[in-house]
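Source file: upload-v7.cif (mmCIF, C-alpha atoms)
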```cif
data_my_file
#
loop_
_atom_site.label_atom_id
_atom_site.label_comp_id
_atom_site.auth_asym_id
_atom_site.auth_seq_id
_atom_site.Cartn_x
_atom_site.Cartn_y
_atom_site.Cartn_z
CA MET A 19 0.00 0.00 0.00
CA THR A 20 1.26 3.44 -0.94
CA LYS A 21 2.30 5.46 2.09
CA PRO A 22 -0.60 7.73 3.07
CA MET A 23 -0.29 11.49 3.11
CA THR A 24 -0.71 12.98 6.60
CA ILE A 25 -2.18 16.44 6.90
CA LEU A 26 -2.10 18.22 10.26
CA ASP A 27 -5.06 20.47 10.90
CA SER A 28 -5.08 22.56 14.05
CA GLU A 29 -8.48 22.92 15.72
CA GLN A 30 -10.00 23.01 19.19
CA THR A 31 -10.29 19.65 20.96
CA ASN A 32 -13.84 18.26 20.79
CA THR A 33 -15.54 15.81 23.10
CA TYR A 34 -18.77 14.04 22.23
CA ASP A 35 -21.54 12.35 24.18
CA ALA A 36 -22.27 9.76 21.49
CA LEU A 37 -21.70 8.53 17.96
CA LEU A 38 -24.76 8.44 15.69
CA ILE A 39 -24.77 6.12 12.67
CA VAL A 40 -27.11 7.57 10.04
CA SER A 41 -28.19 5.33 7.17
CA PHE A 42 -30.78 4.76 4.47
CA GLY A 43 -32.72 1.89 6.03
CA GLY A 44 -34.41 -1.05 4.37
CA PRO A 45 -37.42 -3.37 4.76
CA GLU A 46 -37.10 -6.59 6.73
CA GLY A 47 -40.14 -8.42 5.38
CA MET A 48 -42.70 -8.21 2.57
CA ASP A 49 -45.14 -6.25 4.74
CA ASP A 50 -42.48 -3.54 5.08
CA VAL A 51 -41.69 -3.13 1.38
CA ILE A 52 -44.45 -0.81 0.10
CA PRO A 53 -44.42 1.44 3.23
CA PHE A 54 -40.64 1.61 2.95
CA LEU A 55 -40.81 2.58 -0.74
CA GLU A 56 -43.46 5.19 0.08
CA ASN A 57 -41.01 6.72 2.57
CA VAL A 58 -38.21 6.70 -0.01
CA LEU A 59 -40.37 8.34 -2.68
CA ARG A 60 -42.36 10.73 -0.48
CA GLY A 61 -42.79 14.10 -2.22
CA ARG A 62 -41.91 12.73 -5.66
CA ASN A 63 -44.37 12.23 -8.47
CA VAL A 64 -43.79 8.50 -8.92
CA PRO A 65 -46.62 6.36 -10.30
CA ARG A 66 -47.99 3.65 -8.00
CA GLU A 67 -47.19 1.01 -10.60
CA ARG A 68 -43.50 1.90 -10.29
CA LEU A 69 -43.62 1.12 -6.54
CA VAL A 70 -45.20 -2.23 -7.30
CA GLU A 71 -42.56 -2.93 -9.95
CA VAL A 72 -39.69 -2.19 -7.56
CA SER A 73 -41.34 -4.22 -4.80
CA ARG A 74 -40.96 -7.29 -7.01
CA HIS A 75 -37.18 -6.89 -6.73
CA TYR A 76 -37.52 -7.19 -2.95
CA ALA A 77 -39.84 -10.19 -3.33
CA LEU A 78 -36.89 -12.15 -4.75
CA PHE A 79 -35.31 -11.82 -1.29
CA ASP A 80 -38.50 -12.33 0.78
CA GLY A 81 -38.79 -8.57 1.22
CA VAL A 82 -35.56 -8.33 3.22
CA SER A 83 -32.95 -5.74 2.36
CA PRO A 84 -29.62 -6.73 3.93
CA ILE A 85 -28.72 -3.14 4.82
CA ASN A 86 -30.16 -3.18 8.36
CA ALA A 87 -28.42 -6.44 9.28
CA GLN A 88 -25.20 -5.05 7.85
CA ASN A 89 -25.51 -1.89 9.92
CA ARG A 90 -26.07 -3.98 13.04
CA ALA A 91 -22.94 -5.99 12.25
CA LEU A 92 -20.94 -2.80 11.65
CA ILE A 93 -22.12 -1.28 14.93
CA LYS A 94 -21.25 -4.46 16.82
CA ALA A 95 -17.76 -4.52 15.29
CA LEU A 96 -17.28 -0.82 16.04
CA GLU A 97 -18.38 -1.28 19.65
CA VAL A 98 -15.66 -3.90 20.06
CA GLU A 99 -13.10 -1.65 18.36
CA LEU A 100 -13.95 1.32 20.62
CA ALA A 101 -14.00 -0.86 23.75
CA GLU A 102 -10.51 -2.13 22.97
CA HIS A 103 -8.89 1.09 21.77
CA GLY A 104 -11.17 4.01 22.73
CA PRO A 105 -12.57 6.54 22.80
CA THR A 106 -15.50 5.36 24.88
CA LEU A 107 -18.69 6.43 23.13
CA PRO A 108 -22.20 4.98 23.11
CA ILE A 109 -23.40 4.27 19.56
CA TYR A 110 -26.88 5.16 18.33
CA TRP A 111 -28.37 4.32 14.94
CA GLY A 112 -31.12 6.03 12.97
CA ASN A 113 -32.38 5.59 9.40
CA ARG A 114 -33.92 7.90 6.86
CA ASN A 115 -36.55 5.52 5.51
CA TRP A 116 -37.13 2.56 7.85
CA HIS A 117 -36.83 1.45 11.43
CA PRO A 118 -35.01 2.41 13.51
CA MET A 119 -36.17 5.77 12.20
CA LEU A 120 -34.05 8.81 12.98
CA GLU A 121 -36.90 10.42 14.93
CA GLN A 122 -37.16 7.41 17.25
CA THR A 123 -33.42 7.43 17.78
CA MET A 124 -33.32 11.15 18.59
CA GLU A 125 -36.12 10.69 21.11
CA GLN A 126 -34.03 8.01 22.80
CA MET A 127 -30.95 10.24 22.73
CA LYS A 128 -33.01 13.03 24.27
CA GLU A 129 -34.19 10.68 27.03
CA ASP A 130 -30.58 9.64 27.63
CA GLY A 131 -29.44 13.25 27.93
CA ILE A 132 -27.23 13.16 24.82
CA LYS A 133 -26.33 16.63 23.54
CA LYS A 134 -23.10 16.75 21.53
CA VAL A 135 -23.16 14.14 18.79
CA LEU A 136 -20.63 12.99 16.20
CA THR A 137 -22.35 11.51 13.15
CA PHE A 138 -21.18 8.88 10.67
CA PHE A 139 -23.09 8.62 7.39
CA THR A 140 -22.91 5.20 5.70
CA SER A 141 -21.46 6.74 2.55
CA MET A 142 -17.87 7.47 1.60
CA PHE A 143 -18.64 9.93 -1.22
CA SER A 144 -20.01 13.48 -1.36
CA SER A 145 -23.42 13.89 -2.96
CA TYR A 146 -26.86 15.19 -2.11
CA SER A 147 -28.19 11.73 -1.23
CA GLY A 148 -25.00 10.59 0.49
CA CYS A 149 -24.30 13.66 2.63
CA ARG A 150 -26.41 16.81 2.39
CA GLN A 151 -29.77 15.02 2.59
CA TYR A 152 -28.65 13.29 5.77
CA ARG A 153 -27.73 16.68 7.21
CA GLU A 154 -31.17 17.93 6.24
CA ASP A 155 -32.67 14.86 7.91
CA LEU A 156 -30.79 15.66 11.10
CA TYR A 157 -32.01 19.25 11.11
CA ARG A 158 -35.61 18.38 10.27
CA THR A 159 -35.80 15.62 12.84
CA SER A 160 -34.16 17.75 15.52
CA GLN A 161 -37.09 20.16 15.17
CA VAL A 162 -39.46 17.37 16.16
CA VAL A 163 -37.76 16.98 19.54
CA ALA A 164 -37.38 20.76 20.09
CA PRO A 165 -36.99 22.68 22.37
CA TYR A 166 -34.38 20.04 23.26
CA THR A 167 -31.30 20.83 21.20
CA PHE A 168 -28.52 18.68 19.77
CA ASP A 169 -25.11 19.81 18.59
CA PHE A 170 -24.14 17.70 15.57
CA ASP A 171 -20.75 17.34 13.91
CA LYS A 172 -19.97 14.87 11.14
CA ILE A 173 -17.11 12.61 10.17
CA ARG A 174 -15.53 13.53 6.84
CA MET A 175 -16.10 11.57 3.64
CA ALA A 176 -13.29 9.02 3.66
CA TYR A 177 -13.23 7.86 0.04
CA ASN A 178 -9.41 8.23 -0.11
CA HIS A 179 -8.56 7.08 3.40
CA PRO A 180 -6.19 4.07 3.49
CA GLY A 181 -8.78 2.35 5.69
CA TYR A 182 -11.20 2.40 2.77
CA ILE A 183 -8.75 1.73 -0.06
CA GLN A 184 -6.90 -1.21 1.55
CA PRO A 185 -10.01 -3.38 2.13
CA ASN A 186 -11.18 -2.73 -1.41
CA VAL A 187 -7.74 -3.69 -2.73
CA GLU A 188 -7.87 -6.97 -0.79
CA ASN A 189 -11.39 -7.71 -2.02
CA VAL A 190 -10.38 -7.15 -5.64
CA GLN A 191 -7.34 -9.36 -5.20
CA ALA A 192 -9.55 -12.11 -3.76
CA ALA A 193 -11.87 -11.80 -6.76
CA PHE A 194 -8.96 -12.04 -9.22
CA GLU A 195 -7.82 -15.23 -7.51
CA GLN A 196 -11.07 -16.87 -8.64
CA ILE A 197 -9.97 -16.49 -12.28
CA PRO A 198 -7.42 -18.91 -13.78
CA SER A 199 -3.96 -17.38 -13.53
CA ALA A 200 -3.34 -17.67 -17.28
CA ARG A 201 -6.27 -15.27 -17.92
CA ARG A 202 -5.75 -12.71 -15.15
CA GLU A 203 -3.65 -10.30 -17.20
CA ASP A 204 -6.60 -9.70 -19.52
CA VAL A 205 -9.27 -9.33 -16.83
CA HIS A 206 -11.29 -6.10 -16.95
CA LEU A 207 -12.03 -4.40 -13.63
CA ALA A 208 -15.27 -2.39 -13.50
CA PHE A 209 -15.86 -0.06 -10.56
CA THR A 210 -19.53 0.75 -9.97
CA ALA A 211 -21.37 3.41 -8.02
CA HIS A 212 -24.97 4.53 -7.83
CA SER A 213 -25.77 6.79 -10.76
CA LEU A 214 -26.96 10.35 -10.10
CA PRO A 215 -28.88 12.88 -12.20
CA MET A 216 -26.37 15.05 -14.03
CA GLY A 217 -27.76 18.16 -12.34
CA MET A 218 -27.04 16.67 -8.94
CA ALA A 219 -23.60 15.42 -9.95
CA ALA A 220 -22.66 18.92 -11.13
CA ASN A 221 -23.11 20.26 -7.56
CA CYS A 222 -20.74 17.90 -5.78
CA ALA A 223 -17.39 16.12 -6.01
CA TYR A 224 -18.98 12.67 -6.40
CA GLU A 225 -17.47 11.82 -9.80
CA ALA A 226 -14.01 13.13 -8.94
CA GLN A 227 -13.93 11.27 -5.62
CA LEU A 228 -15.06 8.02 -7.23
CA ALA A 229 -12.40 8.40 -9.93
CA GLU A 230 -9.75 8.92 -7.27
CA SER A 231 -10.80 5.88 -5.24
CA SER A 232 -11.00 3.69 -8.34
CA GLN A 233 -7.57 4.75 -9.53
CA LEU A 234 -6.01 4.16 -6.10
CA VAL A 235 -7.42 0.63 -5.95
CA ALA A 236 -6.51 -0.19 -9.57
CA GLU A 237 -2.95 1.05 -9.13
CA GLU A 238 -2.44 -0.91 -5.93
CA VAL A 239 -3.79 -4.10 -7.50
CA GLY A 240 -1.75 -3.46 -10.65
CA VAL A 241 -4.68 -3.48 -13.06
CA LYS A 242 -4.56 -1.31 -16.17
CA ASN A 243 -7.81 -2.49 -17.77
CA TRP A 244 -10.37 -0.72 -15.61
CA GLN A 245 -13.22 1.77 -15.84
CA LEU A 246 -15.62 3.57 -13.52
CA VAL A 247 -19.25 2.94 -14.48
CA TYR A 248 -22.63 3.44 -12.86
CA GLN A 249 -25.66 1.42 -11.82
CA SER A 250 -29.15 1.64 -10.32
CA ARG A 251 -30.35 4.73 -12.19
CA SER A 252 -34.02 5.63 -11.91
CA GLY A 253 -36.19 8.56 -12.96
CA PRO A 254 -37.63 9.53 -16.35
CA PRO A 255 -35.62 8.46 -19.40
CA GLN A 256 -35.41 12.04 -20.68
CA GLN A 257 -33.46 13.09 -17.57
CA PRO A 258 -29.69 12.65 -18.08
CA TRP A 259 -27.88 10.56 -15.47
CA LEU A 260 -24.25 9.59 -15.00
CA GLU A 261 -23.15 6.96 -17.52
CA PRO A 262 -22.16 4.43 -18.75
CA ASP A 263 -24.52 1.97 -17.10
CA ILE A 264 -22.89 -1.27 -15.94
CA CYS A 265 -25.07 -3.46 -18.18
CA ASP A 266 -24.28 -1.34 -21.24
CA HIS A 267 -20.62 -1.54 -20.29
CA LEU A 268 -20.75 -5.33 -20.03
CA GLU A 269 -22.17 -5.58 -23.53
CA VAL A 270 -19.35 -3.39 -24.85
CA LEU A 271 -16.76 -5.57 -23.10
CA HIS A 272 -18.29 -8.67 -24.63
CA ALA A 273 -18.19 -7.09 -28.10
CA GLN A 274 -14.50 -6.30 -27.54
CA GLY A 275 -13.76 -9.93 -26.80
CA VAL A 276 -13.25 -9.62 -23.05
CA GLU A 277 -13.70 -13.00 -21.33
CA ASP A 278 -13.49 -12.11 -17.63
CA VAL A 279 -14.72 -9.12 -15.66
CA VAL A 280 -14.41 -8.30 -11.98
CA ILE A 281 -16.97 -5.84 -10.63
CA LEU A 282 -16.24 -3.85 -7.48
CA PRO A 283 -19.17 -1.74 -6.20
CA ILE A 284 -16.80 0.85 -4.80
CA GLY A 285 -19.57 3.38 -4.25
CA PHE A 286 -21.21 1.14 -1.61
CA ILE A 287 -19.83 0.16 1.79
CA SER A 288 -22.00 -2.97 2.09
CA ASP A 289 -23.84 -5.48 -0.07
CA HIS A 290 -27.32 -3.96 0.14
CA MET A 291 -30.21 -4.17 -2.31
CA GLU A 292 -28.66 -2.24 -5.21
CA VAL A 293 -25.70 -4.62 -5.03
CA ILE A 294 -27.49 -7.94 -4.63
CA TYR A 295 -30.17 -7.13 -7.24
CA ASP A 296 -28.56 -4.82 -9.79
CA LEU A 297 -25.22 -6.64 -9.81
CA ASP A 298 -25.62 -10.13 -8.35
CA THR A 299 -28.94 -10.70 -10.12
CA GLU A 300 -29.43 -8.44 -13.15
CA ALA A 301 -25.80 -7.97 -14.27
CA LYS A 302 -24.99 -11.61 -13.48
CA GLU A 303 -27.86 -12.82 -15.67
CA LEU A 304 -26.68 -10.58 -18.51
CA CYS A 305 -23.14 -11.94 -18.23
CA GLN A 306 -24.43 -15.51 -18.30
CA SER A 307 -26.40 -14.78 -21.46
CA LEU A 308 -23.31 -13.22 -23.07
CA GLY A 309 -20.94 -15.95 -21.96
CA LEU A 310 -18.92 -13.38 -20.00
CA ASN A 311 -17.33 -14.65 -16.78
CA MET A 312 -18.26 -12.19 -14.02
CA ILE A 313 -16.84 -12.14 -10.50
CA ARG A 314 -18.29 -9.62 -8.08
CA ALA A 315 -15.79 -8.37 -5.48
CA ALA A 316 -17.06 -7.88 -1.94
CA THR A 317 -17.73 -4.49 -0.39
CA VAL A 318 -15.82 -3.42 2.72
CA GLY A 319 -18.61 -4.39 5.15
CA THR A 320 -17.01 -5.12 8.52
CA HIS A 321 -13.45 -5.53 7.27
CA PRO A 322 -11.23 -4.91 10.32
CA ARG A 323 -9.29 -2.11 8.60
CA PHE A 324 -12.53 -0.34 7.67
CA VAL A 325 -13.81 -0.56 11.25
CA GLN A 326 -10.44 0.68 12.47
CA MET A 327 -10.75 3.59 10.02
CA ILE A 328 -14.02 4.72 11.57
CA ARG A 329 -12.35 4.79 14.99
CA GLU A 330 -9.44 6.76 13.52
CA LEU A 331 -11.89 9.28 12.07
CA ILE A 332 -13.57 9.64 15.47
CA VAL A 333 -10.18 10.31 17.05
CA GLU A 334 -9.43 12.76 14.25
CA ARG A 335 -12.54 14.80 15.14
CA THR A 336 -11.71 14.83 18.85
CA SER A 337 -8.04 15.78 18.52
CA ASP A 338 -6.59 19.27 18.56
CA SER A 339 -3.86 18.14 16.12
CA PRO A 340 -5.41 15.31 14.12
CA ASN A 341 -3.59 12.97 11.77
CA ARG A 342 -5.78 13.24 8.65
CA LEU A 343 -4.73 10.13 6.74
CA VAL A 344 -5.29 10.17 2.98
CA LEU A 345 -4.00 8.59 -0.21
CA GLY A 346 -3.79 10.11 -3.67
CA THR A 347 -3.69 13.75 -4.64
CA ARG A 348 -7.00 15.29 -3.53
CA GLY A 349 -6.19 15.65 0.17
CA ALA A 350 -8.49 15.07 3.13
CA ASN A 351 -12.12 16.00 2.61
CA HIS A 352 -13.54 18.83 4.72
CA ASP A 353 -15.30 18.26 8.05
CA ILE A 354 -17.48 21.36 7.77
CA CYS A 355 -19.70 21.60 4.69
CA GLY A 356 -20.44 24.94 3.07
CA PRO A 357 -23.96 26.16 2.27
CA ASN A 358 -23.65 25.20 -1.41
CA CYS A 359 -22.22 21.72 -0.85
CA CYS A 360 -23.98 18.87 -2.62
CA LEU A 361 -27.16 20.63 -3.74
CA SER A 362 -29.89 18.36 -5.09
CA GLY A 363 -29.71 19.82 -8.60
CA ARG A 364 -33.47 20.03 -8.95
CA PRO A 365 -34.58 22.42 -11.72
CA GLY A 366 -34.95 25.96 -10.46
CA GLU A 367 -33.32 25.21 -7.13
CA PRO A 368 -31.97 28.45 -5.66
CA LYS A 369 -28.40 28.68 -4.46
CA PRO A 370 -28.86 29.38 -0.72
CA THR A 371 -26.65 31.73 1.24
CA VAL A 372 -25.40 30.94 4.71
CA ALA A 373 -28.01 33.29 6.14
CA GLN A 374 -30.80 31.38 4.39
CA LEU A 375 -29.70 27.99 5.70
CA PRO A 376 -30.70 26.59 9.08
CA SER A 377 -27.77 27.06 11.42
CA MET A 378 -27.15 23.33 11.81
CA LEU A 379 -26.73 22.93 8.05
CA ALA A 380 -24.50 25.97 7.79
CA LYS A 381 -22.10 24.69 10.46
CA GLN A 382 -21.91 21.05 9.36
#
```
Have the structure of the file written as C-alpha cells, please.
Amino acid sequence: MTKPMTILDSEQTNTYDALLIVSFGGPEGMDDVIPFLENVLRGRNVPRERLVEVSRHYALFDGVSPINAQNRALIKALEVELAEHGPTLPIYWGNRNWHPMLEQTMEQMKEDGIKKVLTFFTSMFSSYSGCRQYREDLYRTSQVVAPYTFDFDKIRMAYNHPGYIQPNVENVQAAFEQIPSARREDVHLAFTAHSLPMGMAANCAYEAQLAESSQLVAEEVGVKNWQLVYQSRSGPPQQPWLEPDICDHLEVLHAQGVEDVVILPIGFISDHMEVIYDLDTEAKELCQSLGLNMIRAATVGTHPRFVQMIRELIVERTSDSPNRLVLGTRGANHDICGPNCCLSGRPGEPKPTVAQLPSMLAKQ
C-alpha cells in the first residue's frame, strides 16, 4: 500500500456524548416493502405502478434488504473496536426511511441526555443523497424533539482514506484469484457506483472522488484495464444521469472480446439491495447470457481495517492536532460543509446563502 499522506489540521479539541450512525434503512419483510418505498419516494411524483414494480425486486429476497443487518454488524464490530482502543462512546443508529427511524433514535438520545453528537453517514462519497440530505434529515428531525437541542458534527467523507482503499484492494485481489492465472492479465475491472442525475452530480465532487478511489485501488492491484461505471439509475428516461450503465458496459466488453470481468461496487460500503439485485442478479444474468465470466468483489462491510478507520476518524474529530490520513492527490475532505455543498440539482433550485440555511446545516 502506498504510504498515506498525513495532513495536520489545528483545531479546538472536541468531546462528544455519542456517535450516531445515520443510514438509508431497508425493509425486513414483505409487509415492510411498500411502506418503505413510500417513505423513499415521499414528495416525488412517482406512479404507483413503479412502486409495485420495484417491490418485485424485494420479493426475490423475501422482502428483506440486507442493509439493516449489515448496519447492526458494523455497529457491533465498532463497539468492540472502541471498547478495545477508545474513545468510549455509546453508539446510536437512525435511518432515513425505515426502522429504527431517525426520529425514534433522537427521542431516545433526548431521554438519555445526549447533547453533543458525532455523526457517521454510511457513505464514503459526497453527494446530495449521500451527505447533504442526511444533514437535512438531522435538522428536520431535531425540530421534532425541540426545544431540546442537539449539537451535531460529522465525520468527513473518507473515500481516499487508506482504511477504505486497503479493504477494497484486498477484495479485488480475492476476486482475481477466482480467475485462472493464465487469464488474469486480460481481466477487466469495472468499478460501480450509484448513478446520479447530471444536475445533482454537477453540484458535488462525487465523480471526482469516485475516480480517485477507483484509480487508487486499480494502481495498488496493478490493473490497467479498468473503468468507472454506474448502476441503479431511476427517474424519467429524458433526464440525463451519469453513464455508462454497468449493463451497457458489459455488452461493450463482450463485443470487444473480453472474457473475464471483476466488478467492485466501490460506491457502496455494504452489499445492500442495489448490489445484490442490480449486480448479483441483473448484471450476473446478462453476463451468463453473453458468456462473460463475471466475479463480483465484496464491499468493505465489517473488514477490520474499515472498522479501524471509523475509529481513527472519530479520534481525528476529537483531537486538537489530528492525523488526517489520505492517499492520492486530492487531500483530506472537509469536516465542515459549506452552504452550497452537494445541492440536489433540482430544476430551479436556488443557491442558498449561509443566512438562508438553518444554522445546523451551515455549520456542518
> Skipping near chain neighbours, those fewer than 3 positions away, what residues fall within 12 Å of Gly148 (chain A) using all atoms listed in the file, listed as a VMD selection string?
Replying inline: chain A and resid 40 to 42 114 138 to 145 151 to 155 174 to 175 211 to 214 218 to 219 222 to 224 285 to 287 359 to 362
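Here CA of Val205 (chain A) is placed at a distance of 5.6 Å from CA of Val279 (chain A).
A straight line drawn from CA of Glu188 (chain A) to CA of Glu303 (chain A) is 25.6 Å long.
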>> Could you list, as a ChimeraX atom specification, every residue within 6 Å of Leu38 (chain A), counting all atoms listed in the file and ignoring same-chain residues fewer than 3 positions away?
In response: /A:109-111,137
Can you list every residue of region 143-256 of chain A that has an atom at most 10 Å from region 115-120 of chain A, with its nearest atom pair and the distance in Å to one decimal, using all atoms listed in the file, ordered by chain then number, as a Markdown table?
```
| residue | atom | partner | partner_atom | distance |
| --- | --- | --- | --- | --- |
| A:Asp155 | CA | A:Leu120 | CA | 8.0 |
| A:Leu156 | CA | A:Leu120 | CA | 7.8 |
| A:Thr159 | CA | A:Leu120 | CA | 7.0 |
| A:Ser160 | CA | A:Leu120 | CA | 9.3 |
```
> Exactly which residues make up the result of the PyMOL selection byres ((chain A and resi 296) around 12) on this file, given as JSON, numbers by chain?
Replying inline: {"A": [72, 75, 76, 210, 211, 212, 213, 248, 249, 250, 251, 252, 263, 264, 265, 281, 283, 289, 290, 291, 292, 293, 294, 295, 297, 298, 299, 300, 301, 302, 303, 304, 314]}
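Candidate residues A:Pro255, A:Gly346, A:Pro215, A:Pro45 were compared for distance to Glu230 (chain A), and the nearest is A:Gly346, using only C-alpha atoms.
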> With distances taken over only C-alpha atoms, which of A:Leu345, A:Ser307, A:Gln126, A:Val325 is nearest to Val235 (chain A)?
Replying inline: A:Leu345
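Here CA of Ala316 (chain A) and CA of Tyr182 (chain A) stand 12.7 Å from one another.
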>> Which residues, named as in the file, does the PyMOL selection byres ((chain A and resi 179) around 10) pick out? Answer as a PyMOL selection string.
In response: chain A and resi 22-23+142+175-178+180-184+231+324+327+331+342-346+349-351
> Applied to the shown file, which residues does the PyMOL selection byres ((chain A and resi 273-278) around 9) return, written as a list of chain:residue names?
Replying inline: A:Ile197, A:Arg201, A:Arg202, A:Asp204, A:Val205, A:His206, A:Leu207, A:Leu268, A:Glu269, A:Val270, A:Leu271, A:His272, A:Val279, A:Val280, A:Gly309, A:Leu310, A:Asn311, A:Met312, A:Ile313
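Candidate residues A:Val318, A:Ala192, A:Val162, A:Val51 were compared for distance to Gln88 (chain A), and the nearest is A:Val318, using all atoms listed in the file.
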